[in-house]
file protein_21.txt (compact mmCIF, C-alpha atoms)
# COMPACT_ATOMS: atom_id res chain seq x y z
CA MET V 1 12.12 21.16 -5.19
CA THR V 2 14.02 22.77 -7.97
CA ASP V 3 16.51 20.06 -8.90
CA TYR V 4 16.46 19.30 -12.58
CA ALA V 5 16.50 15.57 -11.89
CA LEU V 6 13.38 15.68 -9.78
CA THR V 7 11.49 18.17 -11.93
CA HIS V 8 11.92 15.99 -14.98
CA TYR V 9 11.02 12.95 -12.91
CA GLU V 10 7.84 14.63 -11.73
CA VAL V 11 6.75 15.42 -15.27
CA LEU V 12 7.37 11.85 -16.45
CA PHE V 13 5.76 10.40 -13.34
CA ALA V 14 2.63 12.55 -13.47
CA ASP V 15 2.01 11.67 -17.11
CA TYR V 16 2.60 7.95 -16.58
CA ALA V 17 0.58 7.80 -13.36
CA SER V 18 -2.45 9.31 -15.09
CA GLN V 19 -2.70 6.29 -17.43
CA PRO V 20 -4.67 3.12 -16.67
CA VAL V 21 -2.80 1.26 -13.97
CA PHE V 22 -3.00 -2.18 -15.63
CA GLY V 23 -3.23 -0.94 -19.22
CA PHE V 24 0.36 -1.13 -20.49
CA CYS V 25 1.74 -4.22 -22.15
CA GLN V 26 5.10 -5.17 -20.68
CA GLN V 27 7.17 -3.85 -23.56
CA ASP V 28 5.70 -0.33 -23.41
CA LYS V 29 5.64 -0.41 -19.65
CA SER V 30 9.33 -1.33 -19.34
CA GLN V 31 10.29 1.54 -21.61
CA ARG V 32 8.22 4.15 -19.79
CA LEU V 33 9.25 2.87 -16.40
CA ARG V 34 12.93 2.72 -17.30
CA ALA V 35 12.98 6.42 -18.20
CA ILE V 36 11.48 7.30 -14.80
CA LEU V 37 13.80 4.96 -12.93
CA GLU V 38 16.86 6.47 -14.60
CA GLU V 39 15.76 9.85 -13.28
CA LEU V 40 15.39 8.35 -9.83
CA HIS V 41 18.79 6.66 -10.01
CA ARG V 42 20.45 9.99 -10.93
CA TYR V 43 18.48 11.87 -8.31
CA HIS V 44 19.49 9.52 -5.49
CA LEU V 45 23.12 9.46 -6.70
CA SER V 46 23.28 13.21 -6.19
CA HIS V 47 21.12 13.41 -3.03
CA CYS V 48 21.92 10.35 -0.94
CA PRO V 49 25.60 9.96 0.03
CA ALA V 50 25.14 6.29 0.97
CA TYR V 51 23.54 5.54 -2.39
CA HIS V 52 26.31 7.44 -4.12
CA ALA V 53 28.95 5.47 -2.23
CA LEU V 54 27.39 2.22 -3.42
CA PHE V 55 26.60 3.04 -7.01
CA ALA V 56 28.79 5.93 -8.16
CA ASN V 57 30.47 3.60 -10.64
CA MET V 58 27.23 2.44 -12.22
CA PRO V 59 26.10 3.89 -15.54
CA VAL V 60 23.38 6.56 -15.40
CA SER V 61 21.30 5.08 -18.20
CA PHE V 62 20.21 1.53 -18.84
CA ASP V 63 18.95 -0.60 -21.72
CA ASP V 64 16.64 -2.58 -19.54
CA GLU V 65 15.06 -2.27 -16.11
CA ASP V 66 16.85 -5.43 -14.93
CA GLN V 67 20.18 -3.58 -15.24
CA LEU V 68 19.21 -1.02 -12.62
CA PRO V 69 21.09 -1.22 -9.34
CA PHE V 70 19.21 -2.64 -6.38
CA LEU V 71 19.57 -2.31 -2.63
CA ALA V 72 19.30 -5.31 -0.33
CA VAL V 73 16.21 -4.77 1.78
CA ARG V 74 18.07 -5.24 5.06
CA LEU V 75 20.12 -2.10 4.38
CA PHE V 76 17.05 -0.18 5.57
CA LYS V 77 17.51 -1.82 8.95
CA LEU V 78 21.19 -0.99 9.12
CA MET V 79 21.32 2.53 7.74
CA ASP V 80 19.43 5.78 7.69
CA LEU V 81 18.85 6.13 3.98
CA LEU V 82 17.70 9.60 3.12
CA SER V 83 17.63 11.66 -0.08
CA VAL V 84 16.04 14.84 1.24
CA PRO V 85 17.05 17.24 4.02
CA LYS V 86 16.05 15.94 7.46
CA ASP V 87 13.53 18.74 7.94
CA ALA V 88 11.61 17.63 4.84
CA VAL V 89 10.82 14.30 6.52
CA PHE V 90 7.35 14.48 8.00
CA ARG V 91 6.89 10.86 8.86
CA GLU V 92 9.15 7.95 9.69
CA LEU V 93 7.70 4.57 8.98
CA ARG V 94 8.99 1.59 10.95
CA SER V 95 8.65 -1.93 9.70
CA SER V 96 7.49 -4.54 12.15
CA GLY V 97 10.90 -6.02 12.91
CA THR V 98 10.67 -9.20 14.93
CA THR V 99 12.15 -9.31 18.44
CA GLY V 100 15.85 -8.63 18.55
CA GLN V 101 15.84 -7.17 15.07
CA THR V 102 16.23 -3.52 14.38
CA PRO V 103 13.16 -2.31 12.52
CA ALA V 104 13.66 -0.74 9.11
CA ARG V 105 13.16 3.01 9.11
CA ILE V 106 11.69 4.63 6.04
CA SER V 107 11.73 8.42 5.84
CA LEU V 108 8.83 9.97 3.97
CA ASP V 109 8.43 13.52 2.76
CA ARG V 110 5.04 14.90 1.75
CA GLN V 111 5.57 14.35 -1.98
CA THR V 112 6.53 10.69 -1.60
CA SER V 113 3.67 10.10 0.78
CA ALA V 114 1.15 11.74 -1.55
CA ARG V 115 2.38 9.62 -4.47
CA GLN V 116 2.03 6.50 -2.32
CA SER V 117 -1.58 7.27 -1.44
CA ARG V 118 -2.52 8.03 -5.03
CA ALA V 119 -0.86 4.89 -6.34
CA LEU V 120 -2.59 2.75 -3.75
CA VAL V 121 -5.95 4.26 -4.69
CA SER V 122 -5.52 3.75 -8.42
CA ILE V 123 -4.43 0.13 -7.93
CA MET V 124 -7.12 -0.78 -5.42
CA GLN V 125 -9.89 0.83 -7.49
CA SER V 126 -9.28 -1.93 -10.02
CA PHE V 127 -10.37 -4.47 -7.37
CA ILE V 128 -12.75 -2.58 -5.07
CA GLY V 129 -14.20 0.15 -7.27
CA LYS V 130 -14.29 3.88 -6.55
CA GLN V 131 -17.06 3.91 -4.01
CA ARG V 132 -16.04 3.85 -0.38
CA LEU V 133 -17.79 0.95 1.29
CA PRO V 134 -18.70 0.31 4.92
CA MET V 135 -15.48 -1.20 6.24
CA LEU V 136 -14.66 -3.89 8.75
CA ILE V 137 -11.02 -3.76 9.84
CA ILE V 138 -9.88 -7.09 11.18
CA ASP V 139 -7.58 -5.70 13.83
CA SER V 140 -7.71 -3.93 17.16
CA PRO V 141 -8.21 -0.13 17.19
CA ASP V 142 -5.14 0.02 19.47
CA VAL V 143 -2.86 -0.61 16.50
CA LEU V 144 -3.03 3.11 15.63
CA LYS V 145 -2.22 4.30 19.14
CA LYS V 146 1.50 3.61 19.27
CA PRO V 147 3.88 6.60 19.35
CA HIS V 148 5.64 5.52 16.16
CA LEU V 149 3.43 4.42 13.35
CA SER V 150 4.15 0.75 12.68
CA ALA V 151 3.95 -0.67 9.18
CA ARG V 152 0.80 -2.44 10.37
CA GLY V 153 -0.76 0.83 11.53
CA ALA V 154 0.27 2.57 8.32
CA GLY V 155 -1.22 -0.24 6.27
CA ILE V 156 -4.52 0.11 8.07
CA GLN V 157 -4.50 3.89 7.71
CA GLY V 158 -3.76 3.57 4.01
CA MET V 159 -6.56 1.09 3.48
CA ALA V 160 -9.01 3.06 5.64
CA PHE V 161 -9.25 5.54 2.73
CA PHE V 162 -11.30 2.94 0.86
CA GLY V 163 -13.92 2.59 3.53
CA ARG V 164 -16.49 4.46 5.57
CA GLU V 165 -18.09 3.79 8.96
CA HIS V 166 -14.93 1.96 10.00
CA THR V 167 -15.56 -0.85 12.45
CA TYR V 168 -12.81 -2.77 14.22
CA ALA V 169 -13.44 -6.51 14.49
CA LEU V 170 -11.00 -7.26 17.32
CA ASN V 171 -10.64 -6.22 20.95
CA SER V 172 -7.40 -4.95 22.50
CA ASP V 173 -6.41 -8.52 23.40
CA MET V 174 -7.00 -9.55 19.77
CA SER V 175 -10.08 -11.59 20.64
CA LEU V 176 -13.03 -11.30 18.28
CA ASN V 177 -15.40 -8.47 19.17
CA VAL V 178 -18.44 -10.60 18.39
CA ASP V 179 -20.98 -7.84 19.07
CA ALA V 180 -19.24 -5.32 16.84
CA VAL V 181 -18.90 -7.80 14.01
CA ARG V 182 -22.51 -8.97 14.31
CA ASP V 183 -23.80 -5.38 14.40
CA PHE V 184 -21.78 -4.55 11.32
CA ALA V 185 -23.06 -7.64 9.50
CA ASN V 186 -26.68 -6.96 10.41
CA LYS V 187 -26.52 -3.32 9.45
CA ASN V 188 -25.04 -4.10 6.05
CA ARG V 189 -26.84 -7.32 5.23
CA GLY V 190 -26.80 -8.01 1.49
CA LYS V 191 -24.86 -4.81 0.76
CA PRO V 192 -21.35 -4.39 -0.62
CA VAL V 193 -18.83 -4.07 2.21
CA LEU V 194 -15.06 -3.96 2.46
CA LEU V 195 -13.07 -6.11 4.85
CA PHE V 196 -9.38 -5.61 5.44
CA GLY V 197 -6.86 -7.31 7.66
CA PHE V 198 -3.46 -8.90 7.84
CA THR V 199 -3.45 -12.46 6.58
CA PHE V 200 -2.47 -14.20 9.78
CA MET V 201 -4.91 -12.20 11.92
CA VAL V 202 -7.73 -12.76 9.43
CA TRP V 203 -7.06 -16.46 9.77
CA LEU V 204 -6.44 -16.80 13.50
CA ASN V 205 -8.56 -14.05 15.03
CA PHE V 206 -11.39 -14.00 12.53
CA VAL V 207 -11.87 -17.25 10.56
CA LYS V 208 -10.81 -19.59 13.39
CA ALA V 209 -12.61 -17.49 15.99
CA LEU V 210 -15.85 -17.57 13.97
CA GLU V 211 -15.47 -21.31 13.46
CA HIS V 212 -14.96 -21.69 17.17
CA THR V 213 -18.05 -19.72 18.16
CA GLY V 214 -20.09 -21.29 15.38
CA ASP V 215 -21.13 -17.85 14.11
CA SER V 216 -21.71 -17.47 10.43
CA LEU V 217 -22.02 -14.10 8.79
CA ASP V 218 -23.47 -12.89 5.51
CA PHE V 219 -20.84 -10.90 3.65
CA SER V 220 -21.73 -12.43 0.29
CA GLN V 221 -21.57 -8.99 -1.37
CA GLY V 222 -18.31 -8.12 0.30
CA VAL V 223 -14.70 -7.97 -0.79
CA LEU V 224 -11.83 -8.88 1.49
CA ILE V 225 -8.33 -7.51 1.02
CA HIS V 226 -5.51 -9.01 3.04
CA SER V 227 -1.74 -8.87 3.19
CA GLY V 228 1.24 -9.47 5.41
CA GLY V 229 2.77 -12.74 4.35
CA TRP V 230 2.10 -16.44 4.64
CA LYS V 231 4.97 -17.58 6.81
CA LYS V 232 2.98 -18.27 9.98
CA LEU V 233 0.18 -19.84 7.96
CA SER V 234 2.42 -22.16 6.00
CA ASP V 235 3.87 -23.27 9.34
CA GLN V 236 0.30 -24.36 10.08
CA GLN V 237 -0.06 -25.98 6.63
CA VAL V 238 -2.62 -23.39 5.54
CA ASN V 239 -2.32 -22.36 1.90
CA ASN V 240 -4.25 -19.76 -0.08
CA ASP V 241 -6.92 -22.27 -1.21
CA THR V 242 -7.65 -23.42 2.33
CA PHE V 243 -7.65 -19.85 3.53
CA LYS V 244 -10.22 -18.81 0.93
CA LYS V 245 -12.46 -21.85 1.35
CA ARG V 246 -12.69 -21.55 5.11
CA LEU V 247 -13.19 -17.79 4.92
CA THR V 248 -15.99 -18.25 2.39
CA SER V 249 -17.68 -20.87 4.52
CA VAL V 250 -17.90 -18.64 7.65
CA THR V 251 -18.61 -15.30 5.91
CA GLY V 252 -20.03 -16.10 2.47
CA ILE V 253 -17.40 -13.79 1.02
CA THR V 254 -16.02 -14.87 -2.35
CA ARG V 255 -14.07 -11.85 -3.56
CA ILE V 256 -10.82 -12.35 -1.67
CA HIS V 257 -7.64 -10.58 -2.72
CA ASN V 258 -4.25 -11.03 -1.15
CA PHE V 259 -1.61 -8.43 -1.87
CA TYR V 260 2.16 -8.41 -1.68
CA GLY V 261 3.94 -5.23 -0.77
CA MET V 262 6.68 -3.94 1.48
CA ALA V 263 6.96 -1.20 4.05
CA GLU V 264 9.99 -0.06 2.03
CA GLN V 265 7.76 0.57 -0.98
CA VAL V 266 4.37 1.64 0.35
CA GLY V 267 1.89 2.34 -2.44
CA SER V 268 3.45 -0.21 -4.81
CA VAL V 269 1.27 -3.17 -4.12
CA PHE V 270 0.89 -6.36 -6.11
CA VAL V 271 -2.69 -7.52 -5.79
CA GLU V 272 -3.98 -11.03 -6.43
CA CYS V 273 -6.50 -11.08 -9.27
CA GLU V 274 -9.62 -13.15 -9.75
CA HIS V 275 -7.40 -15.92 -11.14
CA GLY V 276 -5.08 -16.04 -8.17
CA HIS V 277 -2.11 -14.20 -9.72
CA LEU V 278 -0.25 -11.26 -8.18
CA HIS V 279 -0.09 -8.41 -10.70
CA ALA V 280 2.51 -5.67 -11.10
CA PRO V 281 0.78 -2.31 -11.63
CA SER V 282 2.14 0.28 -14.07
CA LEU V 283 4.23 2.13 -11.47
CA ALA V 284 5.92 -0.99 -10.15
CA ASP V 285 7.55 -4.10 -11.47
CA VAL V 286 9.01 -7.35 -10.31
CA ILE V 287 12.11 -9.25 -11.39
CA VAL V 288 13.05 -12.72 -10.16
CA ARG V 289 16.76 -13.40 -9.67
CA CYS V 290 18.80 -16.51 -9.10
CA PRO V 291 19.75 -16.51 -5.41
CA TYR V 292 23.38 -17.48 -6.22
CA SER V 293 24.30 -15.49 -9.30
CA LEU V 294 21.56 -12.82 -9.07
CA VAL V 295 20.96 -13.10 -12.82
CA PRO V 296 17.32 -12.53 -13.85
CA LEU V 297 15.36 -15.76 -14.20
CA PRO V 298 12.79 -16.60 -16.89
CA PHE V 299 9.12 -17.43 -16.31
CA GLY V 300 8.54 -20.51 -14.21
CA LYS V 301 11.83 -20.40 -12.27
CA THR V 302 11.75 -19.63 -8.56
CA GLY V 303 14.22 -17.15 -7.16
CA LEU V 304 14.70 -13.98 -5.13
CA ILE V 305 12.23 -11.21 -5.81
CA GLN V 306 13.39 -7.74 -6.73
CA VAL V 307 10.72 -5.06 -6.51
CA ILE V 308 10.81 -1.84 -8.47
CA SER V 309 8.72 1.22 -7.75
CA ALA V 310 8.58 4.58 -9.49
CA ILE V 311 7.30 6.26 -6.32
CA PRO V 312 9.97 7.00 -3.67
CA THR V 313 12.11 10.14 -3.82
CA SER V 314 12.73 10.89 -0.13
CA TYR V 315 14.72 7.66 0.29
CA PRO V 316 16.57 5.55 -2.31
CA GLY V 317 14.14 2.63 -2.30
CA PHE V 318 12.99 2.45 -5.92
CA SER V 319 14.76 -0.85 -6.56
CA ILE V 320 15.01 -3.38 -3.74
CA LEU V 321 16.17 -6.96 -3.56
CA THR V 322 13.80 -8.61 -1.10
CA GLU V 323 14.35 -11.72 0.98
CA ASP V 324 11.24 -13.31 -0.52
CA MET V 325 11.22 -16.13 -3.01
CA GLY V 326 8.82 -16.10 -5.92
CA THR V 327 8.15 -17.08 -9.51
CA LEU V 328 7.23 -15.03 -12.57
CA LEU V 329 4.23 -16.71 -14.15
CA GLY V 330 3.77 -14.66 -17.29
CA GLU V 331 3.10 -11.24 -18.76
CA ASP V 332 0.24 -9.51 -20.59
CA ASP V 333 -1.80 -12.72 -20.91
CA CYS V 334 -3.56 -13.30 -17.60
CA ALA V 335 -7.22 -14.26 -18.10
CA CYS V 336 -8.26 -11.34 -15.85
CA GLY V 337 -7.22 -8.93 -18.62
CA ARG V 338 -4.63 -6.96 -16.65
CA LYS V 339 -1.48 -6.27 -18.63
CA GLY V 340 2.09 -6.54 -17.41
CA ARG V 341 3.81 -9.21 -15.36
CA TYR V 342 2.17 -11.54 -12.90
CA PHE V 343 3.81 -13.80 -10.37
CA SER V 344 3.47 -15.86 -7.23
CA ILE V 345 5.27 -15.80 -3.89
CA ALA V 346 6.90 -18.99 -2.65
CA GLY V 347 7.89 -17.88 0.84
CA ARG V 348 10.66 -16.16 2.67
CA LEU V 349 14.35 -16.85 2.60
CA PRO V 350 15.42 -18.29 5.97
CA LYS V 351 16.98 -15.71 8.31
CA THR V 352 20.55 -16.36 7.25
CA GLU V 353 23.31 -14.56 5.46
CA MET V 354 23.23 -14.73 1.69
CA ARG V 355 25.85 -17.47 1.78
CA GLY V 356 23.27 -19.73 3.42
CA CYS V 357 21.13 -19.74 0.28
CA SER V 358 22.23 -23.21 -0.75
CA ASP V 359 20.05 -24.45 2.11
CA THR V 360 16.95 -23.01 0.47
CA ALA V 361 17.75 -24.13 -3.04
CA GLY V 362 17.84 -27.73 -1.85
CA GLN V 363 14.22 -27.40 -0.77
CA SER V 364 12.73 -25.91 -3.89
CA MET F 1 -24.76 29.37 7.85
CA ASP F 2 -23.69 29.57 4.22
CA ASN F 3 -21.59 26.85 2.60
CA GLN F 4 -18.34 28.68 3.23
CA GLN F 5 -19.07 28.85 6.96
CA LYS F 6 -20.23 25.24 7.01
CA LEU F 7 -17.00 24.11 5.37
CA VAL F 8 -14.85 26.12 7.78
CA GLN F 9 -16.78 24.64 10.69
CA SER F 10 -16.21 21.11 9.31
CA PHE F 11 -12.46 21.74 9.33
CA VAL F 12 -12.58 23.31 12.80
CA GLN F 13 -14.55 20.36 14.18
CA ALA F 14 -12.61 17.58 12.47
CA LEU F 15 -9.08 18.93 12.85
CA GLY F 16 -9.45 20.87 16.08
CA VAL F 17 -7.96 24.04 14.59
CA GLU F 18 -8.95 27.72 14.93
CA GLU F 19 -11.32 29.23 12.38
CA GLY F 20 -8.61 31.67 11.33
CA GLN F 21 -6.34 28.78 10.25
CA VAL F 22 -8.87 27.50 7.73
CA THR F 23 -7.78 29.43 4.64
CA ASP F 24 -7.99 28.19 1.05
CA GLN F 25 -4.25 27.45 1.20
CA LEU F 26 -4.38 25.21 4.26
CA THR F 27 -2.74 21.96 3.07
CA TYR F 28 -2.97 18.33 4.11
CA ASN F 29 0.03 17.02 6.07
CA THR F 30 1.53 20.48 6.61
CA ILE F 31 0.12 20.89 10.11
CA LYS F 32 0.12 18.13 12.68
CA GLU F 33 -3.65 18.48 13.16
CA TRP F 34 -4.33 17.48 9.53
CA ASP F 35 -2.73 14.05 9.22
CA SER F 36 -4.18 10.95 7.60
CA THR F 37 -6.21 9.98 10.68
CA ALA F 38 -7.73 13.45 10.93
CA HIS F 39 -8.34 13.37 7.19
CA MET F 40 -10.75 10.45 7.56
CA ILE F 41 -12.58 12.32 10.33
CA LEU F 42 -12.70 15.41 8.14
CA ILE F 43 -14.12 13.43 5.23
CA SER F 44 -16.93 12.01 7.31
CA GLU F 45 -17.62 15.48 8.81
CA ILE F 46 -17.88 16.98 5.31
CA GLU F 47 -20.05 14.09 4.12
CA ASN F 48 -22.46 14.58 7.01
CA THR F 49 -22.51 18.37 6.77
CA PHE F 50 -23.20 18.49 3.04
CA ASP F 51 -25.01 15.16 2.73
CA VAL F 52 -22.71 13.78 0.03
CA MET F 53 -20.87 10.48 -0.49
CA LEU F 54 -17.29 11.15 -1.51
CA ASP F 55 -15.41 8.49 -3.46
CA THR F 56 -11.75 7.50 -3.13
CA ASP F 57 -10.57 9.91 -5.84
CA ASP F 58 -12.27 12.78 -4.02
CA ILE F 59 -10.61 12.10 -0.72
CA ILE F 60 -7.17 11.71 -2.25
CA ASP F 61 -7.64 14.97 -4.18
CA MET F 62 -8.90 16.88 -1.16
CA SER F 63 -5.45 18.15 -0.19
CA THR F 64 -6.33 21.81 0.47
CA VAL F 65 -9.38 23.79 1.56
CA ALA F 66 -9.60 25.24 -1.96
CA LYS F 67 -9.58 21.70 -3.39
CA ALA F 68 -12.38 20.73 -1.02
CA LYS F 69 -14.52 23.48 -2.53
CA GLU F 70 -13.73 22.36 -6.08
CA ILE F 71 -14.66 18.79 -5.24
CA LEU F 72 -17.88 19.78 -3.48
CA ALA F 73 -18.78 21.87 -6.54
CA ASN F 74 -18.98 18.57 -8.46
CA TYR F 75 -21.78 17.64 -6.06
CA ASP F 76 -23.67 20.90 -6.79
CA ILE F 77 -22.49 22.64 -3.67
CA SER F 78 -21.41 26.13 -4.56
CA PHE F 79 -19.17 28.57 -2.71
call {"tool": "encode", "arguments": {"input": "protein_21.txt", "output": "structure tokens"}}
result
Amino acid sequence: MTDYALTHYEVLFADYASQPVFGFCQQDKSQRLRAILEELHRYHLSHCPAYHALFANMPVSFDDEDQLPFLAVRLFKLMDLLSVPKDAVFRELRSSGTTGQTPARISLDRQTSARQSRALVSIMQSFIGKQRLPMLIIDSPDVLKKPHLSARGAGIQGMAFFGREHTYALNSDMSLNVDAVRDFANKNRGKPVLLFGFTFMVWLNFVKALEHTGDSLDFSQGVLIHSGGWKKLSDQQVNNDTFKKRLTSVTGITRIHNFYGMAEQVGSVFVECEHGHLHAPSLADVIVRCPYSLVPLPFGKTGLIQVISAIPTSYPGFSILTEDMGTLLGEDDCACGRKGRYFSIAGRLPKTEMRGCSDTAGQS
Amino acid sequence: MDNQQKLVQSFVQALGVEEGQVTDQLTYNTIKEWDSTAHMILISEIENTFDVMLDTDDIIDMSTVAKAKEILANYDISF
């Protein structure tokens, strides 16, 4: 692409992305990120008519990243948001919309997709290392067979890059494939392995299934990465501590990392560190806003999460107001040594219009 | 078979493309045969053929046939 806006963006991005992914203190990070985000804002203003219609009156430069415009995440369900010609789109990602809901559609071009993969690798290397480990995927192999790639399938494909000798732990009916899991465990006894799955399936189809059969496995040298939200688990009164304890007791695994991320911003993931905090990597950031006034909230206050990502150019999704509630916990001073902001997720806003927010506030 | 032929055969096997398509310029995600699923198959084909263990940086960087040669050169495989 020859647009000035994107060329300059690419230069800034490439330089910034080559730096250590958790190495910038928040002040430096905000400055570097803001320059890139301004380029993105200008680029999408001139390349996405819908974005232009929404934000043409906004300034084109900002003093702080919290002044950037943001799109409500549900707009991706309602509109086709595109900032490149249709023929540049090589993949359309669909979020796993629940029944009756239109799924969000995210249009990716090759450049955006390549940036996503690279970002995911540089972030995950901080937790898994560079070596690709024998990998147990806690899902059914059928998840990749659908005509349109679901967010779940895309997540598995993205994570598959970190593994080798991929083994699927579940059958088509989501029951535990006991033989496959046992074979995998025996073959890799005492060796580093990688396990990946979506939180609820790890719990229901793996932990609970192993508890039920009475099997116990030796993955003491393993690392488990999981994602996908806690809603169904909190309905069952299962929190992160319980999840980890029970997982450790059936598998021996102690390195367990949850991550928070959205289909609308693939590649920008916020991974839970050794101290239980979700960390914003260099190319992404998080802002917590009051659900009524949308003003940014200080550390310790729970509100709506806005996610920022320097990655997307094919669609205007670099700044998104989510429907998730969370709390900023601090910046630059987590005991794990990673710089930048860290936070926790408190759950999802109930499926209501924004005006229903008073219902949630009463509970928190 | 020399290394060049071995590499071409790895691409042919993993992606299901014709030998003639495997030029240095052939690029990831530009043909439907070389998508992210095929990429993982390609990686394991290359690892088996050349008896190497590629890390995550390698497989992200391996976006063209020419790049594959550069990366394999780091493992003392010359073309």
call {"tool": "interface_residues", "arguments": {"input": "protein_21.txt", "of": "chain V", "to": "chain F", "cutoff": "12 Å", "atoms": "all atoms listed in the file", "output": "PyMOL selection string"}}
result
chain V and resi 88-91+108-126+128-134+144-145+149+153-166
call {"tool": "atom_distance", "arguments": {"input": "protein_21.txt", "atom1": "CA of Pro291 in chain V", "atom2": "CA of Asp64 in chain V"}}
result
20.1 Å
call {"tool": "residues_around", "arguments": {"input": "protein_21.txt", "residues": "Gly16 in chain F", "least_positions_apart": "4", "cutoff": "12 Å", "atoms": "only C-alpha atoms", "output": "list of chain:residue names"}}
result
F:Val8, F:Gln9, F:Ser10, F:Phe11, F:Val12, F:Gly20, F:Gln21, F:Val22, F:Ile31, F:Lys32, F:Glu33, F:Trp34, F:Asp35, F:Ala38, F:His39, F:Ile41, F:Leu42
call {"tool": "residues_around", "arguments": {"input": "protein_21.txt", "residues": "Leu328 in chain V", "least_positions_apart": "3", "cutoff": "8 Å", "atoms": "all atoms listed in the file", "output": "list in words"}}
result
Ile287, Val288, Pro298, Phe299, Gly300, Lys301, Thr302, Arg341, Tyr342, Phe343 and Ser344 of chain V
call {"tool": "atom_distance", "arguments": {"input": "protein_21.txt", "atom1": "CA of Ile305 in chain V", "atom2": "CA of Gly276 in chain V"}}
result
18.1 Å
call {"tool": "residues_around", "arguments": {"input": "protein_21.txt", "residues": "Tyr75 in chain F", "least_positions_apart": "4", "cutoff": "10 Å", "atoms": "only C-alpha atoms", "output": "PDB file with C-alpha atoms, in the coordinates of the input"}}
result
ATOM      1  CA  PHE F  50     -23.200  18.490   3.040  1.00  0.00           C
ATOM      2  CA  ASP F  51     -25.010  15.160   2.730  1.00  0.00           C
ATOM      3  CA  VAL F  52     -22.710  13.780   0.030  1.00  0.00           C
ATOM      4  CA  MET F  53     -20.870  10.480  -0.490  1.00  0.00           C
ATOM      5  CA  LEU F  54     -17.290  11.150  -1.510  1.00  0.00           C
ATOM      6  CA  LYS F  69     -14.520  23.480  -2.530  1.00  0.00           C
ATOM      7  CA  GLU F  70     -13.730  22.360  -6.080  1.00  0.00           C
ATOM      8  CA  ILE F  71     -14.660  18.790  -5.240  1.00  0.00           C
TER       9      ILE F  71
END
call {"tool": "atom_distance", "arguments": {"input": "protein_21.txt", "atom1": "CA of Phe76 in chain V", "atom2": "CA of Leu45 in chain V"}}
result
16.7 Å
call {"tool": "decode", "arguments": {"input": "protein_21.txt", "residues": "range 283-294 of chain V", "atoms": "N, CA and C atoms", "output": "compact mmCIF listing (two decimals), in the first residue's frame"}}
result
# COMPACT_ATOMS: atom_id res chain seq x y z
N LEU V 283 2.31 -3.58 22.38
CA LEU V 283 1.48 -3.18 21.25
C LEU V 283 0.00 -3.01 21.60
N ALA V 284 -0.32 -3.17 22.86
CA ALA V 284 -1.72 -3.07 23.26
C ALA V 284 -1.80 -2.33 24.59
N ASP V 285 -2.98 -1.83 24.89
CA ASP V 285 -3.16 -1.24 26.21
C ASP V 285 -4.60 -1.38 26.65
N VAL V 286 -4.82 -1.05 27.90
CA VAL V 286 -6.15 -1.20 28.45
C VAL V 286 -6.47 0.05 29.28
N ILE V 287 -7.70 0.50 29.12
CA ILE V 287 -8.20 1.66 29.88
C ILE V 287 -9.50 1.20 30.52
N VAL V 288 -9.74 1.61 31.75
CA VAL V 288 -11.00 1.25 32.41
C VAL V 288 -11.84 2.52 32.52
N ARG V 289 -13.10 2.43 32.07
CA ARG V 289 -13.96 3.61 32.06
C ARG V 289 -15.20 3.42 32.92
N CYS V 290 -15.64 4.51 33.50
CA CYS V 290 -16.90 4.48 34.25
C CYS V 290 -18.03 4.12 33.30
N PRO V 291 -18.86 3.14 33.67
CA PRO V 291 -19.92 2.72 32.75
C PRO V 291 -20.99 3.79 32.50
N TYR V 292 -21.10 4.80 33.36
CA TYR V 292 -22.09 5.87 33.13
C TYR V 292 -21.52 7.01 32.33
N SER V 293 -20.39 7.54 32.80
CA SER V 293 -19.86 8.77 32.20
C SER V 293 -18.79 8.46 31.17
N LEU V 294 -18.29 7.24 31.15
CA LEU V 294 -17.19 6.81 30.28
C LEU V 294 -15.88 7.54 30.55
